[in-house]
$ cat data.pdb   # PDB, C-alpha atoms
MODEL        1
ATOM      1  CA  MET A 178      45.664  16.703   1.313
ATOM      2  CA  ASN A 179      43.147  18.363   3.607
ATOM      3  CA  GLN A 180      41.432  16.073   6.092
ATOM      4  CA  LEU A 181      38.022  14.963   4.819
ATOM      5  CA  ARG A 182      35.226  16.359   6.988
ATOM      6  CA  ILE A 183      32.246  14.038   7.355
ATOM      7  CA  GLY A 184      28.925  15.209   8.771
ATOM      8  CA  LEU A 185      26.529  12.518   9.923
ATOM      9  CA  ILE A 186      22.815  13.145  10.374
ATOM     10  CA  GLY A 187      21.283  10.680  12.813
ATOM     11  CA  ALA A 188      22.540   8.719  15.822
ATOM     12  CA  GLY A 189      20.742   5.381  15.465
ATOM     13  CA  GLY A 190      22.123   1.860  15.525
ATOM     14  CA  ILE A 191      23.956   2.190  12.214
ATOM     15  CA  ALA A 192      25.882   5.330  13.203
ATOM     16  CA  GLY A 193      28.648   3.532  15.084
ATOM     17  CA  ALA A 194      29.649   1.462  12.069
ATOM     18  CA  HIS A 195      29.843   4.576   9.893
ATOM     19  CA  ILE A 196      31.811   6.549  12.490
ATOM     20  CA  ALA A 197      34.332   3.766  13.087
ATOM     21  CA  GLY A 198      34.827   3.358   9.352
ATOM     22  CA  TRP A 199      35.404   7.061   8.776
ATOM     23  CA  GLN A 200      37.807   7.332  11.696
ATOM     24  CA  GLN A 201      39.727   4.348  10.350
ATOM     25  CA  LEU A 202      40.144   6.345   7.134
ATOM     26  CA  GLY A 203      41.366   9.425   8.996
ATOM     27  CA  ALA A 204      38.313  11.617   8.448
ATOM     28  CA  HIS A 205      37.063  14.217  10.907
ATOM     29  CA  VAL A 206      33.516  13.314  11.962
ATOM     30  CA  SER A 207      30.709  15.543  13.234
ATOM     31  CA  VAL A 208      27.150  14.500  14.046
ATOM     32  CA  TYR A 209      23.814  16.246  14.167
ATOM     33  CA  SER A 210      20.892  14.409  15.726
ATOM     34  CA  ARG A 211      17.747  15.317  17.610
ATOM     35  CA  SER A 212      18.609  12.615  20.151
ATOM     36  CA  GLY A 213      21.357  10.137  20.901
ATOM     37  CA  ALA A 214      24.343  12.212  19.798
ATOM     38  CA  ALA A 215      25.809  12.557  23.313
ATOM     39  CA  ALA A 216      26.512   8.826  23.581
ATOM     40  CA  LEU A 217      28.319   8.818  20.235
ATOM     41  CA  VAL A 218      30.366  11.870  21.185
ATOM     42  CA  GLU A 219      31.454  10.178  24.400
ATOM     43  CA  GLN A 220      32.259   6.847  22.752
ATOM     44  CA  TYR A 221      34.028   8.073  19.627
ATOM     45  CA  GLY A 222      35.206  11.566  20.487
ATOM     46  CA  ILE A 223      33.416  13.175  17.559
ATOM     47  CA  ASP A 224      31.925  16.665  17.395
ATOM     48  CA  ASP A 225      28.296  17.289  18.315
ATOM     49  CA  VAL A 226      26.760  19.977  16.084
ATOM     50  CA  GLY A 227      23.585  21.736  17.195
ATOM     51  CA  SER A 228      21.807  22.293  13.884
ATOM     52  CA  LEU A 229      21.610  20.995  10.336
ATOM     53  CA  GLU A 230      22.864  24.325   9.016
ATOM     54  CA  ALA A 231      25.909  24.179  11.282
ATOM     55  CA  LEU A 232      26.632  20.596  10.235
ATOM     56  CA  LEU A 233      26.507  21.492   6.542
ATOM     57  CA  GLU A 234      28.887  24.371   7.186
ATOM     58  CA  VAL A 235      31.578  22.170   8.753
ATOM     59  CA  SER A 236      31.242  19.188   6.376
ATOM     60  CA  ASP A 237      32.582  18.247   2.963
ATOM     61  CA  MET A 238      30.415  15.138   2.705
ATOM     62  CA  VAL A 239      27.191  14.245   4.512
ATOM     63  CA  GLY A 240      25.945  10.835   5.652
ATOM     64  CA  ILE A 241      22.181  10.506   6.128
ATOM     65  CA  LEU A 242      21.464   7.813   8.738
ATOM     66  CA  THR A 243      17.938   8.814   9.755
ATOM     67  CA  PRO A 244      14.540   7.090   9.282
ATOM     68  CA  THR A 245      13.506   6.753   5.645
ATOM     69  CA  PRO A 246      10.824   9.495   5.542
ATOM     70  CA  SER A 247      13.448  12.136   6.376
ATOM     71  CA  HIS A 248      16.025  11.151   3.734
ATOM     72  CA  TYR A 249      14.579  13.323   0.967
ATOM     73  CA  GLY A 250      14.495  16.550   2.960
ATOM     74  CA  TYR A 251      17.970  16.164   4.417
ATOM     75  CA  ALA A 252      19.450  15.213   1.047
ATOM     76  CA  MET A 253      17.888  18.185  -0.713
ATOM     77  CA  ALA A 254      19.256  20.535   1.961
ATOM     78  CA  ALA A 255      22.730  19.032   1.565
ATOM     79  CA  PHE A 256      22.649  19.315  -2.230
ATOM     80  CA  ALA A 257      21.541  22.944  -1.986
ATOM     81  CA  ALA A 258      24.581  23.563   0.234
ATOM     82  CA  GLY A 259      26.868  21.934  -2.352
ATOM     83  CA  LYS A 260      27.593  18.809  -0.310
ATOM     84  CA  ASP A 261      28.080  15.245  -1.503
ATOM     85  CA  VAL A 262      25.765  12.759   0.195
ATOM     86  CA  ILE A 263      25.919   9.137   1.327
ATOM     87  CA  CYS A 264      22.360   8.068   2.071
ATOM     88  CA  GLU A 265      21.355   4.916   3.902
ATOM     89  CA  LYS A 266      18.946   2.562   2.160
ATOM     90  CA  PRO A 267      16.272   2.938   0.994
ATOM     91  CA  LEU A 268      16.915   6.286  -0.645
ATOM     92  CA  ALA A 269      13.313   7.429  -0.204
ATOM     93  CA  GLU A 270       9.726   6.280   0.361
ATOM     94  CA  THR A 271       9.065   6.110  -3.410
ATOM     95  CA  PHE A 272      11.244   5.664  -6.435
ATOM     96  CA  GLU A 273       9.958   8.965  -7.828
ATOM     97  CA  ARG A 274      11.342  10.828  -4.806
ATOM     98  CA  ALA A 275      14.557   8.813  -5.017
ATOM     99  CA  ALA A 276      14.885   9.858  -8.660
ATOM    100  CA  GLU A 277      14.319  13.489  -7.671
ATOM    101  CA  MET A 278      17.198  13.173  -5.201
ATOM    102  CA  ALA A 279      19.502  11.749  -7.872
ATOM    103  CA  ASN A 280      18.589  14.471 -10.343
ATOM    104  CA  ALA A 281      18.978  17.222  -7.726
ATOM    105  CA  ALA A 282      22.493  16.032  -6.880
ATOM    106  CA  LEU A 283      23.428  16.051 -10.541
ATOM    107  CA  ALA A 284      21.990  19.541 -11.050
ATOM    108  CA  ALA A 285      23.951  20.808  -8.029
ATOM    109  CA  GLY A 286      27.198  19.287  -9.304
ATOM    110  CA  VAL A 287      27.588  16.971  -6.311
ATOM    111  CA  ARG A 288      27.434  13.199  -5.771
ATOM    112  CA  LEU A 289      24.758  10.932  -4.299
ATOM    113  CA  PHE A 290      26.006   7.577  -3.037
ATOM    114  CA  PRO A 291      23.321   5.038  -1.982
ATOM    115  CA  ALA A 292      24.682   3.102   1.021
ATOM    116  CA  HIS A 293      23.959  -0.415  -0.250
ATOM    117  CA  VAL A 294      26.681  -1.813   1.980
ATOM    118  CA  VAL A 295      25.993  -5.477   1.153
ATOM    119  CA  ARG A 296      27.800  -4.926  -2.154
ATOM    120  CA  PHE A 297      30.932  -4.462  -0.041
ATOM    121  CA  PHE A 298      30.587  -7.691   1.955
ATOM    122  CA  PRO A 299      33.355 -10.054   0.760
ATOM    123  CA  ASP A 300      31.132 -13.029  -0.097
ATOM    124  CA  TYR A 301      28.726 -10.963  -2.181
ATOM    125  CA  ALA A 302      31.543  -9.072  -3.886
ATOM    126  CA  LEU A 303      33.238 -12.386  -4.734
ATOM    127  CA  ALA A 304      29.981 -13.780  -6.145
ATOM    128  CA  LYS A 305      29.749 -10.721  -8.391
ATOM    129  CA  GLU A 306      33.342 -11.172  -9.554
ATOM    130  CA  GLN A 307      32.714 -14.839 -10.338
ATOM    131  CA  LEU A 308      29.570 -14.057 -12.308
ATOM    132  CA  ASP A 309      31.283 -11.258 -14.222
ATOM    133  CA  SER A 310      34.106 -13.661 -15.129
ATOM    134  CA  ARG A 311      31.537 -16.228 -16.334
ATOM    135  CA  ALA A 312      32.875 -18.763 -13.831
ATOM    136  CA  VAL A 313      29.470 -20.493 -13.698
ATOM    137  CA  GLY A 314      27.954 -19.020 -16.860
ATOM    138  CA  VAL A 315      24.796 -16.946 -17.044
ATOM    139  CA  PRO A 316      22.900 -17.368 -13.757
ATOM    140  CA  ALA A 317      19.709 -19.412 -14.024
ATOM    141  CA  ALA A 318      18.464 -19.454 -10.423
ATOM    142  CA  LEU A 319      19.277 -17.393  -7.354
ATOM    143  CA  GLU A 320      18.240 -17.850  -3.714
ATOM    144  CA  LEU A 321      18.839 -15.080  -1.198
ATOM    145  CA  SER A 322      17.790 -14.942   2.437
ATOM    146  CA  ARG A 323      18.099 -12.407   5.257
ATOM    147  CA  ALA A 324      16.789 -12.945   8.786
ATOM    148  CA  GLY A 325      17.145 -11.256  12.140
ATOM    149  CA  ALA A 326      15.338 -10.020  15.207
ATOM    150  CA  ALA A 327      12.514  -7.646  14.329
ATOM    151  CA  PRO A 328      12.746  -3.945  15.163
ATOM    152  CA  ALA A 329      11.204  -2.838  18.445
ATOM    153  CA  ALA A 330       7.441  -3.302  18.608
ATOM    154  CA  GLY A 331       5.537  -0.169  17.699
ATOM    155  CA  SER A 332       8.440   1.463  15.845
ATOM    156  CA  TRP A 333       8.074   3.270  12.519
ATOM    157  CA  PHE A 334       9.576   0.274  10.714
ATOM    158  CA  PHE A 335       6.199  -1.494  10.873
ATOM    159  CA  ASP A 336       4.284   1.401   9.317
ATOM    160  CA  GLU A 337       4.125   0.756   5.578
ATOM    161  CA  ALA A 338       3.620   4.465   4.876
ATOM    162  CA  GLN A 339       6.880   5.308   6.641
ATOM    163  CA  GLY A 340       9.307   2.404   6.848
ATOM    164  CA  GLY A 341       7.731   0.434   4.038
ATOM    165  CA  GLY A 342       7.783  -2.779   6.032
ATOM    166  CA  ILE A 343      10.131  -5.729   5.803
ATOM    167  CA  VAL A 344      10.434  -5.641   2.005
ATOM    168  CA  ARG A 345      11.499  -2.026   1.581
ATOM    169  CA  ASP A 346      13.597  -1.842   4.731
ATOM    170  CA  GLN A 347      15.241  -5.248   5.167
ATOM    171  CA  MET A 348      14.826  -7.087   1.863
ATOM    172  CA  ILE A 349      15.889  -4.113  -0.246
ATOM    173  CA  HIS A 350      19.446  -5.369   0.272
ATOM    174  CA  ASP A 351      18.639  -8.630  -1.504
ATOM    175  CA  LEU A 352      16.498  -6.920  -4.137
ATOM    176  CA  ASP A 353      19.584  -4.872  -4.948
ATOM    177  CA  GLN A 354      21.783  -7.972  -4.888
ATOM    178  CA  ALA A 355      19.514  -9.904  -7.248
ATOM    179  CA  SER A 356      19.482  -6.985  -9.669
ATOM    180  CA  TRP A 357      23.279  -6.583  -9.358
ATOM    181  CA  LEU A 358      24.003 -10.266  -9.884
ATOM    182  CA  ALA A 359      21.383 -11.295 -12.448
ATOM    183  CA  GLY A 360      20.445  -8.058 -14.218
ATOM    184  CA  ASP A 361      17.235  -6.271 -15.115
ATOM    185  CA  VAL A 362      13.914  -7.513 -13.745
ATOM    186  CA  THR A 363      10.726  -7.912 -15.785
ATOM    187  CA  ARG A 364       8.284  -9.391 -13.258
ATOM    188  CA  VAL A 365       7.800  -9.314  -9.472
ATOM    189  CA  PHE A 366       5.673 -11.563  -7.267
ATOM    190  CA  ALA A 367       5.613 -11.251  -3.475
ATOM    191  CA  GLU A 368       3.807 -12.642  -0.425
ATOM    192  CA  GLN A 369       3.860 -11.673   3.250
ATOM    193  CA  ASP A 370       2.910 -13.775   6.284
ATOM    194  CA  PRO A 371       1.019 -12.677   8.320
ATOM    195  CA  PRO A 372      -0.572  -9.901   6.262
ATOM    196  CA  SER A 373      -0.549  -6.265   7.321
ATOM    197  CA  VAL A 374      -3.610  -4.738   8.966
ATOM    198  CA  ASP A 375      -4.485  -1.131   8.114
ATOM    199  CA  GLY A 376      -0.983  -0.543   6.806
ATOM    200  CA  ILE A 377       0.766  -1.891   9.917
ATOM    201  CA  LEU A 378       2.918  -5.021   9.772
ATOM    202  CA  PRO A 379       2.686  -7.746  12.402
ATOM    203  CA  ARG A 380       5.661  -8.734  14.535
ATOM    204  CA  PRO A 381       7.215 -11.175  13.755
ATOM    205  CA  VAL A 382       6.743 -11.343   9.984
ATOM    206  CA  THR A 383       8.214 -13.040   6.925
ATOM    207  CA  ALA A 384       8.055 -12.192   3.242
ATOM    208  CA  GLN A 385       8.985 -13.913   0.005
ATOM    209  CA  VAL A 386       9.737 -12.215  -3.298
ATOM    210  CA  GLU A 387      10.214 -13.858  -6.686
ATOM    211  CA  LEU A 388      11.928 -11.870  -9.435
ATOM    212  CA  THR A 389      11.942 -12.837 -13.096
ATOM    213  CA  HIS A 390      14.975 -11.382 -14.838
ATOM    214  CA  GLN A 391      15.269 -10.281 -18.440
ATOM    215  CA  ASN A 392      17.835 -13.024 -19.094
ATOM    216  CA  GLY A 393      15.403 -15.692 -17.871
ATOM    217  CA  ALA A 394      16.925 -16.144 -14.413
ATOM    218  CA  ILE A 395      14.607 -16.500 -11.425
ATOM    219  CA  SER A 396      15.528 -15.057  -8.024
ATOM    220  CA  GLN A 397      13.829 -16.319  -4.853
ATOM    221  CA  LEU A 398      14.188 -13.966  -1.860
ATOM    222  CA  LEU A 399      13.223 -14.710   1.734
ATOM    223  CA  GLY A 400      13.165 -12.127   4.512
ATOM    224  CA  GLU A 401      12.339 -12.556   8.188
ATOM    225  CA  TRP A 402      11.854 -10.191  11.094
ATOM    226  CA  GLY A 403      11.722 -12.746  13.872
ATOM    227  CA  PRO A 404      11.701 -12.944  17.687
ATOM    228  CA  ASP A 405      14.260 -11.076  19.755
ATOM    229  CA  THR A 406      16.310 -14.261  20.123
ATOM    230  CA  LEU A 407      16.708 -14.788  16.371
ATOM    231  CA  ARG A 408      20.328 -14.446  15.339
ATOM    232  CA  PHE A 409      21.099 -12.404  12.233
ATOM    233  CA  SER A 410      21.920 -14.554   9.199
ATOM    234  CA  THR A 411      22.105 -14.329   5.433
ATOM    235  CA  SER A 412      22.629 -16.727   2.560
ATOM    236  CA  LEU A 413      23.185 -16.635  -1.182
ATOM    237  CA  ARG A 414      23.043 -19.399  -3.784
ATOM    238  CA  VAL A 415      23.519 -18.847  -7.520
ATOM    239  CA  GLU A 416      23.151 -21.705  -9.984
ATOM    240  CA  GLY A 417      24.426 -21.547 -13.539
ATOM    241  CA  PRO A 418      25.259 -24.019 -16.305
ATOM    242  CA  GLY A 419      28.883 -24.111 -15.141
ATOM    243  CA  GLY A 420      28.325 -24.640 -11.439
ATOM    244  CA  THR A 421      27.056 -23.104  -8.225
ATOM    245  CA  ILE A 422      28.138 -20.222  -6.007
ATOM    246  CA  SER A 423      26.839 -20.393  -2.444
ATOM    247  CA  PHE A 424      27.508 -19.278   1.110
ATOM    248  CA  THR A 425      25.754 -18.900   4.442
ATOM    249  CA  SER A 426      26.699 -16.371   7.113
ATOM    250  CA  PRO A 427      27.484 -16.628   9.977
ATOM    251  CA  ARG A 428      29.367 -19.823   9.230
ATOM    252  CA  ASN A 429      29.993 -20.915  12.792
ATOM    253  CA  ALA A 430      29.020 -20.389  16.392
ATOM    254  CA  GLY A 431      31.569 -17.593  16.703
ATOM    255  CA  GLY A 432      29.600 -15.415  14.341
ATOM    256  CA  SER A 433      30.708 -13.447  11.313
ATOM    257  CA  LYS A 434      32.818 -10.328  11.549
ATOM    258  CA  ASP A 435      30.641  -8.907   8.767
ATOM    259  CA  GLU A 436      27.343  -9.380  10.568
ATOM    260  CA  GLN A 437      25.297  -6.388   9.623
ATOM    261  CA  PRO A 438      23.710  -3.866  11.963
ATOM    262  CA  SER A 439      20.626  -1.967  10.888
ATOM    263  CA  GLU A 440      19.535   1.605  11.430
ATOM    264  CA  ASN A 441      17.723   0.628  14.615
ATOM    265  CA  GLY A 442      20.181  -2.016  15.774
ATOM    266  CA  SER A 443      17.786  -4.866  14.963
ATOM    267  CA  ALA A 444      20.378  -7.232  13.537
ATOM    268  CA  GLY A 445      20.728  -9.076  16.814
ATOM    269  CA  HIS A 446      23.822  -9.120  19.011
ATOM    270  CA  LEU A 447      26.501  -7.498  16.895
ATOM    271  CA  PRO A 448      29.965  -9.046  17.335
ATOM    272  CA  GLU A 449      33.124  -6.967  17.396
ATOM    273  CA  LEU A 450      33.865  -5.688  13.896
ATOM    274  CA  ASP A 451      37.351  -5.682  12.422
ATOM    275  CA  VAL A 452      37.099  -1.983  11.623
ATOM    276  CA  ALA A 453      40.008  -1.920   9.189
ATOM    277  CA  ASP A 454      38.315  -4.577   7.052
ATOM    278  CA  SER A 455      34.674  -3.754   7.791
ATOM    279  CA  PRO A 456      32.271  -3.492   4.836
ATOM    280  CA  TYR A 457      31.397  -0.019   6.121
ATOM    281  CA  THR A 458      35.039   1.035   5.976
ATOM    282  CA  ARG A 459      35.341  -0.410   2.462
ATOM    283  CA  GLN A 460      32.161   1.366   1.419
ATOM    284  CA  ASN A 461      33.273   4.699   2.864
ATOM    285  CA  ALA A 462      36.722   4.384   1.301
ATOM    286  CA  GLU A 463      35.292   3.697  -2.143
ATOM    287  CA  PHE A 464      32.784   6.546  -1.910
ATOM    288  CA  ALA A 465      35.480   8.969  -0.734
ATOM    289  CA  ALA A 466      37.770   7.898  -3.576
ATOM    290  CA  ALA A 467      34.967   8.261  -6.133
ATOM    291  CA  ARG A 468      34.182  11.707  -4.756
ATOM    292  CA  ALA A 469      37.820  12.772  -5.089
ATOM    293  CA  SER A 470      38.358  11.320  -8.576
ATOM    294  CA  GLY A 471      34.937  11.884 -10.117
ATOM    295  CA  LYS A 472      34.876   8.214 -11.138
ATOM    296  CA  PRO A 473      31.865   5.897 -10.583
ATOM    297  CA  SER A 474      31.526   3.715  -7.519
ATOM    298  CA  ARG A 475      30.035   0.231  -7.538
ATOM    299  CA  VAL A 476      26.707   1.695  -6.334
ATOM    300  CA  SER A 477      25.191   4.351  -8.586
ATOM    301  CA  PRO A 478      22.220   6.637  -7.920
ATOM    302  CA  ALA A 479      20.334   4.586 -10.508
ATOM    303  CA  ASP A 480      20.980   1.434  -8.469
ATOM    304  CA  GLY A 481      19.425   3.070  -5.433
ATOM    305  CA  VAL A 482      16.368   4.174  -7.417
ATOM    306  CA  ILE A 483      15.866   0.729  -8.992
ATOM    307  CA  ALA A 484      16.029  -0.950  -5.567
ATOM    308  CA  VAL A 485      13.247   1.282  -4.233
ATOM    309  CA  ALA A 486      11.175   0.642  -7.369
ATOM    310  CA  LEU A 487      11.561  -3.136  -6.931
ATOM    311  CA  ALA A 488      10.464  -2.843  -3.298
ATOM    312  CA  GLU A 489       7.409  -0.858  -4.393
ATOM    313  CA  ALA A 490       6.569  -3.464  -7.019
ATOM    314  CA  ALA A 491       6.830  -6.205  -4.388
ATOM    315  CA  ALA A 492       4.539  -4.240  -2.069
ATOM    316  CA  GLU A 493       2.016  -3.845  -4.882
ATOM    317  CA  SER A 494       2.146  -7.590  -5.572
ATOM    318  CA  ILE A 495       1.478  -8.299  -1.887
ATOM    319  CA  ARG A 496      -1.525  -5.954  -1.966
ATOM    320  CA  CYS A 497      -3.060  -7.295  -5.177
ATOM    321  CA  GLY A 498      -2.161 -10.964  -4.734
ATOM    322  CA  HIS A 499      -0.579 -11.544  -8.136
ATOM    323  CA  ALA A 500       2.623 -10.839 -10.046
ATOM    324  CA  VAL A 501       3.220  -7.357 -11.452
ATOM    325  CA  ASP A 502       5.235  -6.359 -14.499
ATOM    326  CA  PHE A 503       8.401  -4.336 -13.984
ATOM    327  CA  SER A 504      10.389  -2.147 -16.369
ATOM    328  CA  ASN A 505      13.879  -0.904 -15.599
ATOM    329  CA  GLU A 506      13.601   1.392 -18.588
ATOM    330  CA  ALA A 507      10.465   3.064 -17.252
ATOM    331  CA  VAL A 508      12.116   3.718 -13.888
ATOM    332  CA  LEU A 509      15.372   4.957 -15.379
ATOM    333  CA  ALA A 510      13.452   7.295 -17.701
ATOM    334  CA  LEU A 511      12.905   9.492 -14.630
ATOM    335  CA  LEU A 512      16.656  10.020 -14.283
ATOM    336  CA  HIS A 513      18.879  12.429 -16.118
ATOM    337  CA  SER A 514      21.120  10.363 -18.389
ATOM    338  CA  GLU A 515      24.309  11.030 -16.392
ATOM    339  CA  ASN A 516      22.840   9.099 -13.448
TER     340      ASN A 516
ENDMDL
END

$ encode --input "data.pdb" --output "C-alpha cells"
Amino acid sequence: MNQLRIGLIGAGGIAGAHIAGWQQLGAHVSVYSRSGAAALVEQYGIDDVGSLEALLEVSDMVGILTPTPSHYGYAMAAFAAGKDVICEKPLAETFERAAEMANAALAAGVRLFPAHVVRFFPDYALAKEQLDSRAVGVPAALELSRAGAAPAAGSWFFDEAQGGGIVRDQMIHDLDQASWLAGDVTRVFAEQDPPSVDGILPRPVTAQVELTHQNGAISQLLGEWGPDTLRFSTSLRVEGPGGTISFTSPRNAGGSKDEQPSENGSAGHLPELDVADSPYTRQNAEFAAARASGKPSRVSPADGVIAVALAEAAAESIRCGHAVDFSNEAVLALLHSEN
C-alpha cells in the first residue's frame, strides 16, 4: 500500500499529539501554519509547506487544528480539492455551518471526521461498551466534569463570537459524551459563573449544563477553566437500575497517560504520552481505516453537528436564564440523509 500522506493545518498545542499519532501509524506528515511550524519540523522531522494550496497538493487527508472560526474555510477548501478531513472540535461556530461542512464533504465524495477524541479514551469507551451491553440498564443519571488551567488571558478562547467560551470549546467534549452515552436530548439548561461581559468571558470561569434526555435520563455537566496551577482532570459517573459506572482521571499523583492537551495547550502540564496507545493514535487509526474501507467510524459528521448545536443551546440558556427545548430531529434535518 502507498504511504498515507497527512497534511496538518495549524501548529498549536494539539499538533504534537496528532503528529506523534500519525508517525506511529507510519504516515508521512506535512504541516502548513502561519506561525509555529518551524518548531514542529525540528522536533518531529515533518515537512513544512508554504501554502494551503501546496499542502492540499501533497496530502491525501487533511487535519484542521486551527482556531474554530477558521475551520469552515479550510474544510471547504479541502473538500473542493477532493481531500478527506479530520477537523478538531468544535466543527464550526454554529451548527448550521457545521452542517454545511458535512453536506459539502458528502457532495464532494470525501469524508469528514470530527475529532471528538474523548470517545477514544479507554474509560469512556469502556463506559459506552458497558451501556451498550446493558450492564447497568438504561442510564438514569450521568455526571461529567472537566477542569483545567484556563487558556492564556486575552486569547480568542474567551471571545464568545469566536471561541464560543468554555461551553463550546471545553465542555463540548462532555456534551458529546452525554449524547453518546444517554441518547437524544430534549432540554438544555446552563449557567456560567461569573457571567460574560460584552461577549467576553472572565478568567477563571466555571459553567454547569443540565441535559434532559429523551429516555428520561438527566446529565449534569461541570466545566472549569481555572488558575494556571489547576491540574487537568475529568470524571464520569453513570447510574442505572443495575449499578453504577464511574471513574476519575488522573487517578494518582503520577498523572494519567491519557491526560488531554487542548488546541492552545491549556490542559496543564502534559505528561509523557504512550504514543502507541494514545487516544490520538487510536483516533487517527480508526479514521484512516474508515477512510480506506468506506465504513463508518465511531464519530459521524452528525455527531459533530449535534455537539455544536448542544453547545449553542447551552449558550442560549445562559443568556436567557432558563431552560431551552432541543430537538435532534430539527438539527439533523439540515443534513443530507447519508450523514

$ resolve_selection --input "data.pdb" --expression "the PyMOL selection byres ((chain A and resi 365) around 12)" --output "number ranges by chain"
A: 352, 355-356, 361-364, 366-368, 385-391, 395-398, 486-495, 497-504

$ resolve_selection --input "data.pdb" --expression "the PyMOL selection byres ((chain A and resi 239) around 6)" --output "NGL selection string"
:A and (183-185 or 238 or 240 or 262)

$ atom_distance --input "data.pdb" --atom1 "CA of Pro267 (chain A)" --atom2 "CA of Gln339 (chain A)"
11.2 Å

$ residues_around --input "data.pdb" --residues "Gln369 (chain A)" --least-positions-apart "3" --cutoff "6 Å" --atoms "all atoms listed in the file" --output "PyMOL selection string"
chain A and resi 372+383-384

$ residues_around --input "data.pdb" --residues "Pro246 (chain A)" --least-positions-apart "6" --cutoff "9 Å" --atoms "only C-alpha atoms" --output "PDB file with C-alpha atoms, in the frame of the given file"
ATOM      1  CA  ALA A 269      13.313   7.429  -0.204  1.00  0.00           C
ATOM      2  CA  GLU A 270       9.726   6.280   0.361  1.00  0.00           C
ATOM      3  CA  ALA A 338       3.620   4.465   4.876  1.00  0.00           C
ATOM      4  CA  GLN A 339       6.880   5.308   6.641  1.00  0.00           C
ATOM      5  CA  GLY A 340       9.307   2.404   6.848  1.00  0.00           C
TER       6      GLY A 340
END

$ resolve_selection --input "data.pdb" --expression "the PyMOL selection byres ((chain A and resi 309-326) around 8)" --output "PDB file with C-alpha atoms, keeping the file's coordinate frame"
ATOM      1  CA  LYS A 305      29.749 -10.721  -8.391  1.00  0.00           C
ATOM      2  CA  GLU A 306      33.342 -11.172  -9.554  1.00  0.00           C
ATOM      3  CA  GLN A 307      32.714 -14.839 -10.338  1.00  0.00           C
ATOM      4  CA  LEU A 308      29.570 -14.057 -12.308  1.00  0.00           C
ATOM      5  CA  ALA A 327      12.514  -7.646  14.329  1.00  0.00           C
ATOM      6  CA  PRO A 328      12.746  -3.945  15.163  1.00  0.00           C
ATOM      7  CA  GLN A 347      15.241  -5.248   5.167  1.00  0.00           C
ATOM      8  CA  MET A 348      14.826  -7.087   1.863  1.00  0.00           C
ATOM      9  CA  ASP A 351      18.639  -8.630  -1.504  1.00  0.00           C
ATOM     10  CA  ALA A 355      19.514  -9.904  -7.248  1.00  0.00           C
ATOM     11  CA  ALA A 359      21.383 -11.295 -12.448  1.00  0.00           C
ATOM     12  CA  GLY A 393      15.403 -15.692 -17.871  1.00  0.00           C
ATOM     13  CA  ALA A 394      16.925 -16.144 -14.413  1.00  0.00           C
ATOM     14  CA  ILE A 395      14.607 -16.500 -11.425  1.00  0.00           C
ATOM     15  CA  SER A 396      15.528 -15.057  -8.024  1.00  0.00           C
ATOM     16  CA  GLN A 397      13.829 -16.319  -4.853  1.00  0.00           C
ATOM     17  CA  LEU A 398      14.188 -13.966  -1.860  1.00  0.00           C
ATOM     18  CA  LEU A 399      13.223 -14.710   1.734  1.00  0.00           C
ATOM     19  CA  GLY A 400      13.165 -12.127   4.512  1.00  0.00           C
ATOM     20  CA  GLU A 401      12.339 -12.556   8.188  1.00  0.00           C
ATOM     21  CA  TRP A 402      11.854 -10.191  11.094  1.00  0.00           C
ATOM     22  CA  GLY A 403      11.722 -12.746  13.872  1.00  0.00           C
ATOM     23  CA  PRO A 404      11.701 -12.944  17.687  1.00  0.00           C
ATOM     24  CA  ASP A 405      14.260 -11.076  19.755  1.00  0.00           C
ATOM     25  CA  THR A 406      16.310 -14.261  20.123  1.00  0.00           C
ATOM     26  CA  LEU A 407      16.708 -14.788  16.371  1.00  0.00           C
ATOM     27  CA  ARG A 408      20.328 -14.446  15.339  1.00  0.00           C
ATOM     28  CA  PHE A 409      21.099 -12.404  12.233  1.00  0.00           C
ATOM     29  CA  SER A 410      21.920 -14.554   9.199  1.00  0.00           C
ATOM     30  CA  THR A 411      22.105 -14.329   5.433  1.00  0.00           C
ATOM     31  CA  SER A 412      22.629 -16.727   2.560  1.00  0.00           C
ATOM     32  CA  LEU A 413      23.185 -16.635  -1.182  1.00  0.00           C
ATOM     33  CA  ARG A 414      23.043 -19.399  -3.784  1.00  0.00           C
ATOM     34  CA  VAL A 415      23.519 -18.847  -7.520  1.00  0.00           C
ATOM     35  CA  GLU A 416      23.151 -21.705  -9.984  1.00  0.00           C
ATOM     36  CA  GLY A 417      24.426 -21.547 -13.539  1.00  0.00           C
ATOM     37  CA  PRO A 418      25.259 -24.019 -16.305  1.00  0.00           C
ATOM     38  CA  GLY A 419      28.883 -24.111 -15.141  1.00  0.00           C
ATOM     39  CA  GLY A 420      28.325 -24.640 -11.439  1.00  0.00           C
ATOM     40  CA  THR A 421      27.056 -23.104  -8.225  1.00  0.00           C
ATOM     41  CA  ILE A 422      28.138 -20.222  -6.007  1.00  0.00           C
ATOM     42  CA  SER A 443      17.786  -4.866  14.963  1.00  0.00           C
ATOM     43  CA  ALA A 444      20.378  -7.232  13.537  1.00  0.00           C
ATOM     44  CA  GLY A 445      20.728  -9.076  16.814  1.00  0.00           C
TER      45      GLY A 445
END

$ residues_around --input "data.pdb" --residues "Asp224 (chain A)" --least-positions-apart "3" --cutoff "12 Å" --atoms "all atoms listed in the file" --output "JSON, numbers by chain"
{"A": [182, 183, 184, 185, 196, 205, 206, 207, 208, 209, 210, 214, 215, 216, 217, 218, 219, 220, 221, 227, 231, 232, 235, 236]}

$ closest_residue --input "data.pdb" --among "A:Ile343, A:Ala507, A:Val476, A:Ala285" --to "Phe464 (chain A)" --atoms "all atoms listed in the file"
A:Val476

$ closest_residue --input "data.pdb" --among "A:Val508, A:Ile349, A:Ala453, A:Ala302" --to "Ala197 (chain A)" --atoms "all atoms listed in the file"
A:Ala453

$ closest_residue --input "data.pdb" --among "A:Gly193, A:Pro456, A:Pro478, A:Gly187" --to "Arg288 (chain A)" --atoms "only C-alpha atoms"
A:Pro478

$ closest_residue --input "data.pdb" --among "A:Glu273, A:Asp261, A:Asp237, A:Asp225" --to "Val287 (chain A)" --atoms "only C-alpha atoms"
A:Asp261
